[in-house]
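As structure tokens, the structure follows; a few thoughts come after it.
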Amino acid sequence: MAGMYTCPANEAVIVSGCCYSKPTVKFEGRFLFFPCAQRIDKLSIETITTTITTNRVMSKNRIPINVTGTAQIKIDCEEEESIMAAAALFANSNCSAISMHCTKNLMAHQSSAVSKMTVEEIYRGRAAFNEQVLRVASTDLKSMGIRIVSYTIKEVTDDNNYLKSILMPIVEADLSDPD
């Protein structure tokens, strides 16, 4: 007995089994399938926002800092190889499961970037820090079929007031400068 399946816009469907020599990805729309001879796996293609928090990670100058970043990730639907890699890992998973898996990976890359830069470089050169995390994490997540849409630092803090002590002279100079 045949059935009709409607694929919503926020989902990709991987169909396999009878009549398919290899799994096929279908996006948005309706298609006919045979439940007793074919299998349908769902894959969310929504953009997922995740918060990456790393605490007390040693910077290059041996100061433990806390960094909070935000990333937007998405299943890469541009290439068949990418979406099949994502399907193998995340088929029938919800967005929170995908997010949790990617967040752990991004935390490791964020920690690695912190350890390669001084606190001053991270604080003053946020764009360079963002680029370093993005460059390394993108390669890693691409192999899982995930694309990083954006990544940015939200907050850099420390538990020992080191940032406050190095920023105070800069703030005072800015306040005393009449320009």
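Within each chain, counting starts at residue 1; across the structure tokens, chains are named A, B, ... in the order shown, with ligands numbered 1 upward in that order.
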From a backbone DSSP assignment, name each residue in range 46-171 of chain A labelled strand (DSSP E), as a tab-separated table (two decimals) with C-alpha atoms, in the first residue's frame.
chain	number	residue	atom	x	y	z
A	48	ILE	CA	20.01	26.62	15.31
A	49	THR	CA	21.39	29.22	17.72
A	50	THR	CA	23.69	27.87	20.40
A	51	THR	CA	25.64	29.45	23.26
A	52	ILE	CA	29.22	28.32	23.80
A	53	THR	CA	30.57	28.91	27.30
A	54	THR	CA	34.11	28.04	28.31
A	55	ASN	CA	35.13	28.74	31.91
A	56	ARG	CA	38.55	29.24	33.43
A	57	VAL	CA	40.49	28.43	30.26
A	58	MET	CA	44.16	29.41	30.42
A	64	PRO	CA	42.27	31.93	33.36
A	65	ILE	CA	39.35	33.57	31.54
A	66	ASN	CA	35.71	32.84	30.78
A	67	VAL	CA	34.46	33.31	27.24
A	68	THR	CA	30.86	33.16	26.09
A	69	GLY	CA	30.18	33.01	22.38
A	70	THR	CA	27.11	32.56	20.23
A	71	ALA	CA	26.98	30.52	17.05
A	72	GLN	CA	24.32	29.90	14.48
A	73	ILE	CA	24.63	26.51	12.82
A	74	LYS	CA	22.71	24.76	10.09
A	75	ILE	CA	22.75	21.48	8.19
A	146	ILE	CA	27.13	21.26	9.52
A	147	ARG	CA	27.74	24.82	8.35
A	148	ILE	CA	28.49	27.64	10.79
A	149	VAL	CA	26.36	30.57	9.69
A	150	SER	CA	27.89	32.95	12.24
A	151	TYR	CA	30.01	32.99	15.39
A	152	THR	CA	30.69	35.92	17.70
A	153	ILE	CA	32.01	36.54	21.20
A	154	LYS	CA	29.34	37.73	23.58
A	155	GLU	CA	31.40	38.18	26.73
A	156	VAL	CA	34.96	37.88	28.04
A	157	THR	CA	35.39	37.85	31.83
I need the residues in range 69-108 of chain A that are helix (DSSP H, G or I) according to DSSP; give them as a compact mmCIF listing (two decimals) with N, CA and C atoms, in the first residue's frame.
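Saved result, result_37.txt, follows:
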# COMPACT_ATOMS: atom_id res chain seq x y z
N GLU A 80 25.52 17.36 -1.74
CA GLU A 80 24.91 16.08 -1.36
C GLU A 80 25.77 15.34 -0.34
N GLU A 81 27.08 15.43 -0.48
CA GLU A 81 27.99 14.75 0.45
C GLU A 81 27.79 15.27 1.88
N SER A 82 27.62 16.58 2.02
CA SER A 82 27.42 17.18 3.34
C SER A 82 26.11 16.74 3.97
N ILE A 83 25.05 16.79 3.20
CA ILE A 83 23.75 16.44 3.78
C ILE A 83 23.67 14.95 4.11
N MET A 84 24.36 14.12 3.34
CA MET A 84 24.38 12.69 3.65
C MET A 84 25.20 12.42 4.91
N ALA A 85 26.29 13.20 5.12
CA ALA A 85 27.07 13.07 6.35
C ALA A 85 26.22 13.47 7.55
N ALA A 86 25.47 14.57 7.40
CA ALA A 86 24.58 15.01 8.48
C ALA A 86 23.48 13.99 8.73
N ALA A 87 22.95 13.42 7.67
CA ALA A 87 21.89 12.42 7.81
C ALA A 87 22.39 11.19 8.56
N ALA A 88 23.63 10.79 8.27
CA ALA A 88 24.20 9.63 8.96
C ALA A 88 24.33 9.88 10.46
N LEU A 89 24.64 11.12 10.83
CA LEU A 89 24.83 11.45 12.25
C LEU A 89 23.56 11.90 12.96
N PHE A 90 22.70 12.64 12.25
CA PHE A 90 21.60 13.32 12.93
C PHE A 90 20.20 12.96 12.44
N CYS A 95 16.38 19.36 17.06
CA CYS A 95 17.34 20.47 17.03
C CYS A 95 18.21 20.53 18.28
N SER A 96 17.66 20.20 19.43
CA SER A 96 18.46 20.28 20.66
C SER A 96 19.56 19.23 20.69
N ALA A 97 19.32 18.06 20.10
CA ALA A 97 20.37 17.03 20.03
C ALA A 97 21.49 17.47 19.09
N ILE A 98 21.12 18.07 17.97
CA ILE A 98 22.12 18.57 17.01
C ILE A 98 22.91 19.69 17.68
N SER A 99 22.20 20.60 18.35
CA SER A 99 22.84 21.72 19.03
C SER A 99 23.82 21.25 20.10
N MET A 100 23.42 20.28 20.92
CA MET A 100 24.27 19.78 21.99
C MET A 100 25.56 19.18 21.42
N HIS A 101 25.44 18.40 20.35
CA HIS A 101 26.61 17.78 19.74
C HIS A 101 27.57 18.84 19.19
N CYS A 102 27.02 19.83 18.50
CA CYS A 102 27.86 20.88 17.92
C CYS A 102 28.43 21.82 18.98
N THR A 103 27.67 22.08 20.04
CA THR A 103 28.15 22.95 21.11
C THR A 103 29.40 22.37 21.77
N LYS A 104 29.41 21.08 22.02
CA LYS A 104 30.59 20.44 22.61
C LYS A 104 31.80 20.62 21.71
N ASN A 105 31.59 20.46 20.42
CA ASN A 105 32.67 20.62 19.46
C ASN A 105 33.16 22.07 19.44
N LEU A 106 32.23 23.02 19.41
CA LEU A 106 32.60 24.43 19.39
C LEU A 106 33.28 24.87 20.69
N MET A 107 32.90 24.28 21.82
CA MET A 107 33.55 24.59 23.09
C MET A 107 35.03 24.22 23.04
N ALA A 108 35.33 23.08 22.45
CA ALA A 108 36.73 22.65 22.34
C ALA A 108 37.53 23.61 21.46
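Each of A:Glu11, A:Asp158, A:Glu120, A:Glu28 was compared to Asn92 in chain A using only C-alpha atoms, and A:Glu11 turns out to be the nearest.
The shell of residues at most 7 Å from Val133 in chain A, with only C-alpha atoms counted and near chain neighbours (fewer than 2 positions) removed, consists of A:His109, A:Gln110, A:Ala113, A:Phe129, A:Asn130, A:Glu131, A:Arg135, A:Val136, A:Ala137.
The neighbours of range 115-119 of chain A here are the residues that come within 8 Å of it, using only C-alpha atoms and leaving out any residue fewer than 4 positions away in the same chain; they are Val57, Met58, Ser59, Lys60, Asn61, Ile63, Ile65, Ser111, Tyr123 and Leu163 of chain A.
Here CA of Ser143 in chain A stands at a distance of 21.6 Å from CA of Val15 in chain A.
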Checklist outcome for this item: Shortest contact to Glu46 in chain A, candidates A:Thr139, A:Asp76, A:Asn10, A:Arg126, atoms counted only C-alpha atoms, goes to A:Asn10
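The smallest atom-to-atom distance between Asn94 in chain A and any of A:Arg30, A:Ile166, A:Tyr5, A:Asp41, using only C-alpha atoms, is found for A:Asp41.
Of note, CA of Leu43 in chain A and CA of Ala12 in chain A are spaced 5.1 Å apart.
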Checklist outcome for this item: CA of Arg39 in chain A to CA of Ser16 in chain A measures 5.3 Å
